[in-house]
file data-v9.tsv (TSV, C-alpha atoms)
chain	number	residue	atom	x	y	z
A	20	MET	CA	44.22	-49.87	17.00
A	21	HIS	CA	45.31	-52.59	14.59
A	22	SER	CA	48.92	-53.72	14.34
A	23	ALA	CA	51.30	-53.02	11.46
A	24	ILE	CA	50.17	-54.48	8.14
A	25	SER	CA	51.97	-57.67	7.20
A	26	LYS	CA	50.09	-58.93	4.13
A	27	ILE	CA	47.85	-57.60	1.36
A	28	GLU	CA	46.40	-59.69	-1.48
A	29	ALA	CA	44.09	-59.01	-4.41
A	30	TYR	CA	41.67	-61.56	-5.89
A	31	VAL	CA	39.28	-61.49	-8.81
A	32	PHE	CA	35.74	-62.60	-8.01
A	33	GLU	CA	33.84	-64.16	-10.90
A	34	ARG	CA	30.53	-65.95	-11.14
A	35	GLU	CA	28.07	-66.73	-13.90
A	36	PRO	CA	25.11	-64.34	-13.61
A	37	ASN	CA	21.52	-65.35	-13.09
A	38	ASP	CA	19.34	-62.54	-14.49
A	39	ALA	CA	20.96	-59.55	-16.21
A	40	TYR	CA	20.01	-56.29	-14.49
A	41	LEU	CA	19.43	-54.57	-17.84
A	42	GLY	CA	17.78	-57.62	-19.38
A	43	ASP	CA	18.89	-59.85	-22.26
A	44	LEU	CA	21.30	-58.65	-24.95
A	45	SER	CA	19.76	-56.91	-27.96
A	46	ASP	CA	20.72	-57.51	-31.59
A	47	ASP	CA	22.64	-54.22	-31.54
A	48	ASP	CA	24.78	-55.06	-28.52
A	49	ILE	CA	28.39	-56.07	-29.25
A	50	ILE	CA	30.06	-59.08	-27.64
A	51	LEU	CA	33.78	-58.30	-27.33
A	52	ASN	CA	35.15	-61.55	-25.91
A	53	GLU	CA	34.43	-64.08	-23.17
A	54	HIS	CA	34.61	-61.34	-20.55
A	55	HIS	CA	32.83	-58.25	-21.95
A	56	PHE	CA	30.05	-56.86	-24.12
A	57	VAL	CA	28.99	-53.33	-25.02
A	58	ARG	CA	25.41	-52.12	-24.62
A	59	ALA	CA	24.33	-50.24	-27.73
A	60	PHE	CA	21.90	-47.90	-25.98
A	61	ASN	CA	24.65	-46.13	-23.99
A	62	GLY	CA	27.95	-47.44	-25.40
A	63	THR	CA	29.09	-48.78	-22.03
A	64	VAL	CA	31.07	-51.97	-21.50
A	65	TYR	CA	29.63	-54.57	-19.13
A	66	PRO	CA	30.99	-57.91	-17.86
A	67	GLN	CA	29.72	-61.27	-19.10
A	68	ARG	CA	29.97	-62.54	-15.52
A	69	ASP	CA	29.49	-61.05	-12.09
A	70	ARG	CA	32.96	-59.67	-11.47
A	71	SER	CA	34.86	-57.57	-8.93
A	72	VAL	CA	38.24	-57.30	-7.21
A	73	VAL	CA	38.47	-58.42	-3.59
A	74	VAL	CA	41.29	-57.30	-1.29
A	75	ARG	CA	42.42	-59.12	1.84
A	76	ILE	CA	44.61	-57.35	4.41
A	77	GLU	CA	46.19	-58.94	7.47
A	78	ASP	CA	48.09	-57.28	10.31
A	79	LYS	CA	50.92	-58.72	12.39
A	80	SER	CA	48.47	-59.80	15.08
A	81	GLY	CA	46.59	-61.97	12.59
A	82	VAL	CA	43.50	-59.74	12.32
A	83	VAL	CA	42.04	-59.78	8.79
A	84	GLY	CA	40.06	-57.16	6.89
A	85	TRP	CA	38.22	-57.63	3.60
A	86	GLY	CA	37.59	-54.99	0.91
A	87	GLU	CA	36.19	-54.90	-2.62
A	88	THR	CA	36.09	-52.63	-5.66
A	89	TYR	CA	35.17	-52.67	-9.32
A	90	GLY	CA	36.87	-55.31	-11.45
A	91	LEU	CA	34.57	-55.27	-14.46
A	92	VAL	CA	37.44	-54.55	-16.83
A	93	ALA	CA	41.18	-55.34	-16.46
A	94	PRO	CA	41.19	-56.37	-12.79
A	95	LYS	CA	44.95	-56.91	-12.89
A	96	ILE	CA	45.36	-53.12	-12.90
A	97	VAL	CA	44.25	-53.09	-9.27
A	98	ALA	CA	46.67	-55.90	-8.43
A	99	ALA	CA	49.55	-54.08	-10.16
A	100	LEU	CA	48.87	-50.87	-8.23
A	101	ILE	CA	48.85	-52.80	-4.97
A	102	ASP	CA	52.02	-54.68	-5.86
A	103	ASP	CA	53.94	-51.66	-7.12
A	104	LEU	CA	52.71	-48.84	-4.88
A	105	PHE	CA	50.02	-49.23	-2.26
A	106	GLY	CA	51.13	-52.54	-0.73
A	107	PRO	CA	54.72	-51.43	0.01
A	108	TYR	CA	53.55	-48.01	1.23
A	109	LEU	CA	50.86	-49.50	3.46
A	110	LYS	CA	53.39	-51.82	5.10
A	111	ALA	CA	55.76	-48.89	5.64
A	112	LEU	CA	53.15	-46.66	7.29
A	113	PRO	CA	52.61	-46.84	11.07
A	114	PRO	CA	49.21	-48.10	12.27
A	115	GLN	CA	46.73	-45.23	12.16
A	116	SER	CA	43.11	-44.39	11.40
A	117	PRO	CA	42.07	-45.60	7.92
A	118	ASP	CA	40.94	-42.12	6.86
A	119	LYS	CA	44.47	-40.81	7.41
A	120	ILE	CA	45.82	-43.64	5.27
A	121	TRP	CA	43.32	-42.73	2.53
A	122	ASP	CA	44.65	-39.17	2.58
A	123	ALA	CA	48.23	-40.45	2.41
A	124	PHE	CA	47.37	-42.61	-0.60
A	125	TYR	CA	45.64	-39.70	-2.35
A	126	LEU	CA	48.70	-37.49	-1.92
A	127	LEU	CA	50.97	-39.98	-3.69
A	128	GLN	CA	49.79	-39.04	-7.20
A	129	ARG	CA	47.63	-35.97	-6.60
A	130	ASN	CA	50.14	-33.49	-8.01
A	131	ARG	CA	50.40	-35.57	-11.17
A	132	GLY	CA	46.67	-35.30	-11.83
A	133	TYR	CA	45.69	-38.84	-10.83
A	134	TRP	CA	42.52	-38.20	-8.86
A	135	GLY	CA	40.21	-41.07	-9.75
A	136	GLY	CA	39.77	-44.05	-12.02
A	137	TYR	CA	41.55	-47.30	-11.23
A	138	LEU	CA	43.85	-45.52	-8.79
A	139	ALA	CA	41.00	-44.36	-6.56
A	140	ASP	CA	39.14	-47.66	-6.96
A	141	THR	CA	42.22	-49.46	-5.66
A	142	PHE	CA	42.47	-47.48	-2.50
A	143	ALA	CA	38.69	-47.66	-2.08
A	144	ALA	CA	39.08	-51.44	-1.76
A	145	ILE	CA	42.01	-51.02	0.61
A	146	ASP	CA	40.09	-48.42	2.62
A	147	ILE	CA	37.14	-50.79	3.11
A	148	ALA	CA	39.50	-53.57	4.18
A	149	LEU	CA	41.37	-51.25	6.56
A	150	TRP	CA	38.18	-50.02	8.23
A	151	ASP	CA	37.07	-53.66	8.56
A	152	LEU	CA	40.41	-54.63	10.10
A	153	HIS	CA	40.51	-51.50	12.28
A	154	ALA	CA	37.04	-52.17	13.68
A	155	ARG	CA	37.59	-55.90	14.16
A	156	ALA	CA	40.86	-55.25	16.01
A	157	ASN	CA	38.81	-53.27	18.52
A	158	ASN	CA	35.92	-55.78	18.48
A	159	GLN	CA	33.51	-53.17	17.21
A	160	SER	CA	31.33	-52.60	14.17
A	161	ILE	CA	32.05	-50.13	11.39
A	162	GLN	CA	29.21	-48.06	12.82
A	163	ALA	CA	30.91	-47.91	16.21
A	164	ALA	CA	34.31	-47.16	14.66
A	165	LEU	CA	32.67	-44.21	12.87
A	166	GLY	CA	31.03	-42.95	16.05
A	167	LYS	CA	27.51	-44.37	15.78
A	168	ALA	CA	27.36	-47.76	17.46
A	169	GLY	CA	24.30	-49.95	17.12
A	170	SER	CA	22.25	-51.81	14.56
A	171	GLY	CA	20.12	-50.01	12.01
A	172	ILE	CA	17.32	-50.32	9.48
A	173	ILE	CA	17.69	-48.96	5.94
A	174	LYS	CA	14.79	-48.79	3.48
A	175	GLY	CA	15.57	-50.68	0.27
A	176	TYR	CA	14.26	-49.94	-3.20
A	177	VAL	CA	13.94	-52.54	-5.93
A	178	SER	CA	16.31	-51.87	-8.80
A	179	GLY	CA	15.49	-53.19	-12.25
A	180	LEU	CA	12.73	-55.37	-13.63
A	181	PRO	CA	14.52	-57.80	-16.00
A	182	LYS	CA	11.52	-58.99	-18.00
A	183	LYS	CA	10.86	-58.68	-21.75
A	184	THR	CA	7.46	-56.99	-21.78
A	185	THR	CA	5.81	-54.14	-19.92
A	186	GLU	CA	3.12	-56.49	-18.65
A	187	GLU	CA	5.73	-58.88	-17.22
A	188	ARG	CA	7.61	-56.01	-15.60
A	189	VAL	CA	4.45	-54.72	-13.94
A	190	GLU	CA	3.75	-58.22	-12.61
A	191	LEU	CA	7.29	-58.48	-11.20
A	192	ALA	CA	6.96	-55.07	-9.55
A	193	GLN	CA	3.64	-56.15	-8.04
A	194	ALA	CA	5.30	-59.30	-6.69
A	195	TRP	CA	7.94	-57.23	-4.93
A	196	LYS	CA	5.25	-54.89	-3.62
A	197	GLU	CA	3.56	-57.87	-2.00
A	198	LYS	CA	6.86	-58.54	-0.21
A	199	GLY	CA	6.86	-55.01	1.20
A	200	PHE	CA	9.07	-53.27	-1.35
A	201	ASP	CA	7.04	-50.24	-2.41
A	202	ASP	CA	9.92	-48.23	-3.93
A	203	LEU	CA	11.20	-49.00	-7.44
A	204	LYS	CA	13.73	-47.85	-10.04
A	205	ILE	CA	13.56	-48.80	-13.72
A	206	PRO	CA	16.34	-48.41	-16.31
A	207	ILE	CA	15.42	-46.47	-19.43
A	208	SER	CA	16.80	-49.26	-21.63
A	209	ALA	CA	14.25	-51.75	-20.29
A	210	THR	CA	11.20	-49.82	-21.46
A	211	THR	CA	9.37	-51.24	-24.46
A	212	LYS	CA	10.80	-49.57	-27.59
A	213	GLY	CA	11.90	-46.60	-25.49
A	214	ASP	CA	8.34	-45.73	-24.51
A	215	VAL	CA	9.06	-44.24	-21.09
A	216	VAL	CA	5.65	-42.57	-20.84
A	217	GLY	CA	3.85	-45.85	-21.55
A	218	GLU	CA	6.03	-47.70	-19.05
A	219	PHE	CA	5.31	-45.18	-16.29
A	220	GLU	CA	1.61	-45.18	-17.11
A	221	ALA	CA	1.45	-48.99	-16.85
A	222	LEU	CA	3.49	-49.14	-13.65
A	223	ARG	CA	1.49	-46.40	-11.99
A	224	ALA	CA	-1.78	-48.12	-12.91
A	225	GLY	CA	-0.51	-51.46	-11.65
A	226	LEU	CA	1.16	-50.25	-8.46
A	227	GLY	CA	-1.05	-47.44	-7.25
A	228	GLU	CA	-0.55	-43.76	-6.52
A	229	ASN	CA	1.70	-44.15	-3.47
A	230	HIS	CA	4.31	-46.48	-4.99
A	231	LYS	CA	7.58	-44.64	-5.64
A	232	ILE	CA	8.90	-45.08	-9.20
A	233	ALA	CA	12.27	-43.67	-10.31
A	234	LEU	CA	13.93	-43.63	-13.73
A	235	ASP	CA	17.61	-44.46	-14.34
A	236	MET	CA	18.61	-42.84	-17.66
A	237	HIS	CA	22.16	-44.22	-17.81
A	238	TRP	CA	23.68	-40.99	-19.15
A	239	THR	CA	21.83	-41.20	-22.48
A	240	LYS	CA	20.21	-37.76	-22.92
A	241	SER	CA	21.14	-34.10	-23.31
A	242	ALA	CA	19.85	-31.47	-20.91
A	243	PRO	CA	16.96	-30.37	-23.19
A	244	GLU	CA	16.00	-34.00	-23.89
A	245	THR	CA	16.02	-34.81	-20.18
A	246	ILE	CA	13.92	-31.80	-19.25
A	247	ALA	CA	11.38	-32.63	-21.98
A	248	LEU	CA	11.19	-36.28	-20.90
A	249	GLU	CA	10.68	-35.32	-17.26
A	250	GLU	CA	7.82	-33.03	-18.28
A	251	SER	CA	6.19	-35.91	-20.20
A	252	ILE	CA	6.17	-38.26	-17.19
A	253	ARG	CA	5.57	-35.69	-14.46
A	254	GLN	CA	1.85	-36.58	-14.46
A	255	PHE	CA	2.86	-39.99	-13.05
A	256	ASN	CA	4.75	-38.44	-10.13
A	257	PRO	CA	8.25	-39.88	-10.69
A	258	TRP	CA	10.32	-40.32	-7.52
A	259	PHE	CA	13.65	-39.17	-9.01
A	260	ILE	CA	15.53	-39.04	-12.31
A	261	GLU	CA	18.96	-40.70	-12.17
A	262	ALA	CA	22.10	-40.09	-14.27
A	263	PRO	CA	20.42	-38.38	-17.23
A	264	THR	CA	23.42	-36.93	-19.05
A	265	ILE	CA	27.17	-37.48	-19.38
A	266	PRO	CA	28.78	-36.98	-15.97
A	267	GLU	CA	31.57	-34.68	-17.20
A	268	ASP	CA	29.09	-32.00	-18.25
A	269	ILE	CA	28.59	-30.23	-14.95
A	270	GLU	CA	26.76	-27.28	-16.55
A	271	ALA	CA	24.21	-29.66	-18.07
A	272	GLN	CA	23.73	-31.39	-14.73
A	273	ILE	CA	23.11	-28.04	-13.05
A	274	GLU	CA	20.66	-27.02	-15.79
A	275	ILE	CA	18.74	-30.28	-15.39
A	276	GLY	CA	18.75	-30.22	-11.60
A	277	THR	CA	17.57	-26.62	-11.35
A	278	THR	CA	14.91	-26.91	-14.09
A	279	MET	CA	13.15	-30.23	-13.43
A	280	LYS	CA	10.38	-30.52	-10.86
A	281	THR	CA	11.48	-34.13	-10.20
A	282	PRO	CA	14.60	-34.51	-7.99
A	283	LEU	CA	17.88	-35.23	-9.78
A	284	ALA	CA	19.98	-38.13	-8.42
A	285	ILE	CA	23.64	-38.46	-9.43
A	286	GLY	CA	26.97	-39.64	-8.09
A	287	GLU	CA	27.51	-43.34	-8.63
A	288	GLU	CA	30.66	-42.64	-10.66
A	289	TRP	CA	32.21	-40.27	-8.07
A	290	ARG	CA	35.37	-41.23	-6.21
A	291	THR	CA	35.95	-38.26	-3.93
A	292	GLU	CA	34.26	-35.37	-2.18
A	293	TRP	CA	35.75	-33.08	-4.84
A	294	ASP	CA	33.48	-34.67	-7.44
A	295	PHE	CA	30.50	-33.82	-5.24
A	296	LYS	CA	31.52	-30.26	-4.34
A	297	GLN	CA	31.51	-29.22	-7.99
A	298	ARG	CA	27.90	-30.35	-8.33
A	299	LEU	CA	26.28	-29.07	-5.15
A	300	LYS	CA	23.92	-26.86	-7.15
A	301	ALA	CA	22.88	-29.70	-9.44
A	302	CYS	CA	21.36	-32.47	-7.38
A	303	GLN	CA	18.83	-33.14	-4.67
A	304	ILE	CA	19.99	-36.74	-4.12
A	305	ILE	CA	23.49	-38.24	-4.12
A	306	GLN	CA	24.20	-41.90	-4.86
A	307	PRO	CA	27.70	-42.73	-3.58
A	308	GLU	CA	28.99	-46.13	-4.71
A	309	MET	CA	31.07	-47.80	-2.00
A	310	GLY	CA	33.11	-49.68	-4.61
A	311	HIS	CA	34.39	-46.31	-5.86
A	312	THR	CA	34.47	-44.20	-2.69
A	313	GLY	CA	35.54	-46.54	0.06
A	314	ILE	CA	34.24	-45.82	3.54
A	315	THR	CA	36.30	-42.67	4.09
A	316	GLN	CA	34.98	-40.75	1.11
A	317	PHE	CA	31.46	-42.14	1.53
A	318	VAL	CA	31.36	-40.59	5.02
A	319	ARG	CA	32.78	-37.28	3.81
A	320	MET	CA	30.21	-37.09	1.01
A	321	GLY	CA	27.50	-37.89	3.53
A	322	LYS	CA	28.58	-35.02	5.76
A	323	ILE	CA	28.54	-32.55	2.85
A	324	ALA	CA	25.09	-33.80	1.82
A	325	ARG	CA	23.64	-33.31	5.28
A	326	GLU	CA	25.12	-29.83	5.55
A	327	ASN	CA	23.44	-28.90	2.25
A	328	ASN	CA	20.06	-30.62	2.78
A	329	ILE	CA	20.75	-33.19	0.05
A	330	LYS	CA	19.40	-36.72	0.43
A	331	ILE	CA	21.61	-39.82	0.41
A	332	MET	CA	20.50	-42.94	-1.48
A	333	PRO	CA	23.60	-45.08	-2.14
A	334	HIS	CA	24.17	-47.00	-5.36
A	335	ALA	CA	24.69	-50.78	-5.39
A	336	THR	CA	26.70	-52.47	-8.10
A	337	ILE	CA	27.45	-56.04	-9.13
A	338	GLY	CA	29.96	-57.80	-6.90
A	339	LEU	CA	30.54	-60.41	-4.24
A	340	GLY	CA	28.84	-58.19	-1.69
A	341	ILE	CA	31.66	-56.96	0.56
A	342	PHE	CA	31.32	-53.35	-0.59
A	343	MET	CA	27.56	-53.70	-0.27
A	344	ALA	CA	27.92	-54.72	3.37
A	345	ALA	CA	30.23	-51.76	3.99
A	346	SER	CA	27.76	-49.47	2.21
A	347	LEU	CA	24.86	-50.56	4.40
A	348	ARG	CA	26.89	-50.09	7.59
A	349	THR	CA	28.03	-46.65	6.51
A	350	SER	CA	24.50	-45.75	5.37
A	351	VAL	CA	23.38	-46.22	8.97
A	352	VAL	CA	26.07	-43.74	10.07
A	353	VAL	CA	25.16	-41.03	7.50
A	354	ASN	CA	21.38	-41.53	7.93
A	355	ALA	CA	20.69	-42.51	4.33
A	356	GLU	CA	17.04	-42.25	3.24
A	357	ALA	CA	17.17	-45.46	1.20
A	358	HIS	CA	19.59	-47.88	-0.44
A	359	GLU	CA	19.46	-49.56	-3.82
A	360	PHE	CA	18.49	-53.26	-3.65
A	361	GLN	CA	19.85	-55.28	-6.56
A	362	HIS	CA	17.38	-58.13	-6.12
A	363	THR	CA	18.97	-60.30	-8.84
A	364	ILE	CA	22.35	-60.16	-7.08
A	365	TYR	CA	22.11	-59.37	-3.36
A	366	HIS	CA	20.97	-62.68	-1.89
A	367	ARG	CA	22.41	-64.83	-4.66
A	368	ASN	CA	25.99	-63.64	-4.21
A	369	GLY	CA	25.36	-62.92	-0.56
A	370	ALA	CA	25.08	-66.68	-0.05
A	371	LEU	CA	28.85	-66.76	-0.69
A	372	LEU	CA	29.42	-64.61	2.40
A	373	ASP	CA	28.88	-65.13	6.10
A	374	GLY	CA	27.07	-62.34	7.92
A	375	VAL	CA	25.01	-60.68	5.18
A	376	ALA	CA	22.33	-58.26	6.43
A	377	PRO	CA	18.85	-59.79	5.99
A	378	THR	CA	16.05	-58.07	4.07
A	379	GLU	CA	12.40	-58.15	5.02
A	380	LYS	CA	9.34	-56.06	4.11
A	381	GLY	CA	11.31	-53.60	2.02
A	382	LYS	CA	14.11	-53.01	4.51
A	383	PHE	CA	17.71	-54.00	5.21
A	384	PHE	CA	18.30	-55.00	8.82
A	385	VAL	CA	21.90	-54.04	9.53
A	386	PRO	CA	23.50	-55.76	12.54
A	387	ASP	CA	26.11	-54.37	14.90
A	388	THR	CA	28.59	-57.23	14.49
A	389	PRO	CA	32.37	-56.58	14.20
A	390	GLY	CA	33.74	-54.82	11.13
A	391	HIS	CA	31.45	-54.62	8.12
A	392	GLY	CA	30.15	-57.99	9.22
A	393	VAL	CA	30.93	-60.22	6.25
A	394	GLU	CA	33.69	-62.47	4.95
A	395	PRO	CA	33.80	-65.09	2.20
A	396	ASN	CA	32.62	-68.52	3.29
A	397	LYS	CA	33.81	-71.85	1.90
A	398	ASP	CA	31.71	-71.50	-1.24
A	399	GLY	CA	32.72	-67.88	-1.67
A	400	LEU	CA	36.43	-68.67	-1.55
A	401	LYS	CA	35.93	-71.02	-4.51
A	402	HIS	CA	35.00	-67.99	-6.65
A	403	LEU	CA	38.15	-66.03	-5.75
A	404	THR	CA	41.33	-66.29	-7.81
A	405	LEU	CA	44.54	-64.69	-6.60
A	406	LEU	CA	45.69	-61.94	-8.96
A	407	GLU	CA	49.39	-62.05	-9.74
A	408	VAL	CA	51.31	-59.44	-11.71

call {"tool": "encode", "arguments": {"input": "data-v9.tsv", "output": "structure tokens"}}
result
Amino acid sequence: MHSAISKIEAYVFEREPNDAYLGDLSDDDIILNEHHFVRAFNGTVYPQRDRSVVVRIEDKSGVVGWGETYGLVAPKIVAALIDDLFGPYLKALPPQSPDKIWDAFYLLQRNRGYWGGYLADTFAAIDIALWDLHARANNQSIQAALGKAGSGIIKGYVSGLPKKTTEERVELAQAWKEKGFDDLKIPISATTKGDVVGEFEALRAGLGENHKIALDMHWTKSAPETIALEESIRQFNPWFIEAPTIPEDIEAQIEIGTTMKTPLAIGEEWRTEWDFKQRLKACQIIQPEMGHTGITQFVRMGKIARENNIKIMPHATIGLGIFMAASLRTSVVVNAEAHEFQHTIYHRNGALLDGVAPTEKGKFFVPDTPGHGVEPNKDGLKHLTLLEV
């Protein structure tokens, strides 16, 4: 068991991007300021730079744990919540299992209706850091701390083909196939003039019948539109359809998931198991995002999925890579079928960390080293700025 917590700090991670996951900005996209822009196709705000919030926790014995969550917009909100609420409470609590601390955090504002958003993101970051610290204090990996010691192998799927034309995207997909990555997901916004059928036809012709191809719809369609689109591409054997409609509309999600022949994958925006339980009838695949769930809720969602014969294919977002490392470790524990591989981000930002899991021939090779296995190196620390409130 770790000692009492003595210090907790929040940092913003920022770095100029290399290739945008969704491709270059269109004429219709809106640049807000130096930090943000809005994509016209789905009305969602995105950061100009790779950006997240990193949390560092230290106990009285000097053991350190690192966590991470979303910081795409207003990262100082996370710092303020830590300064005003979670930091003082964490220091006041006796050392205990991180999942019990997660439950204690959740109770603080539950009866006031604060169940997600920035609040849950903040204790997701703390939860990752606490599990890291907890495991390192016992000289064990996250896997061992969660009851499944040992290294593991997780199949990775290529996410996004940031090229301007269909022909260039097919060539990029073929290049990844040559490296052993034979599973792929494309965003609907990256198809040429919205021609999803043409994009699937070209990819299927260029990659062969056995290559898995999924479609990320980024919450842009209604239930009838989604069902019609799935019917139009069914001849190309899509792997799964992701995030087709607005996440609040549970009835629409259930209609889509019970009507389509192609599996429905949802869940990247979920924070807790309660989000999942309401949608058990909707999906065949869940995509928990470690930056939202933390390790505790990721494991609980995984247990529910297994009990209901639902597959687990975790989401991977833009960040330094601490929550990605935690996600891979926890994916080993919950027996995930595959994990998203953000090829434009993973190794590039992973170079700022020590201990990143290597990838080879379409797989992540997850070691059994202490904690979640990573921490910022000298170059990584240069991209972290302490958040003060």

call {"tool": "residues_around", "arguments": {"input": "data-v9.tsv", "residues": "Lys322 (chain A)", "least_positions_apart": "5", "cutoff": "9 Å", "atoms": "only C-alpha atoms", "output": "list in words"}}
result
Phe317, Asn327 and Val353 of chain A

call {"tool": "residues_around", "arguments": {"input": "data-v9.tsv", "residues": "Ile205 (chain A)", "least_positions_apart": "3", "cutoff": "7 Å", "atoms": "all atoms listed in the file", "output": "list in words"}}
result
Ser178, Gly179, Leu180, Ala233, Leu234 and Asp235 of chain A

call {"tool": "atom_distance", "arguments": {"input": "data-v9.tsv", "atom1": "CA of Gly132 (chain A)", "atom2": "CA of Glu292 (chain A)"}}
result
15.7 Å

call {"tool": "residues_around", "arguments": {"input": "data-v9.tsv", "residues": "Glu33 (chain A)", "least_positions_apart": "2", "cutoff": "12 Å", "atoms": "all atoms listed in the file", "output": "count of residues only"}}
result
30

call {"tool": "closest_residue", "arguments": {"input": "data-v9.tsv", "among": "A:Thr184, A:Asn328, A:Gln128, A:Asn61", "to": "Pro263 (chain A)", "atoms": "only C-alpha atoms"}}
result
A:Asn61
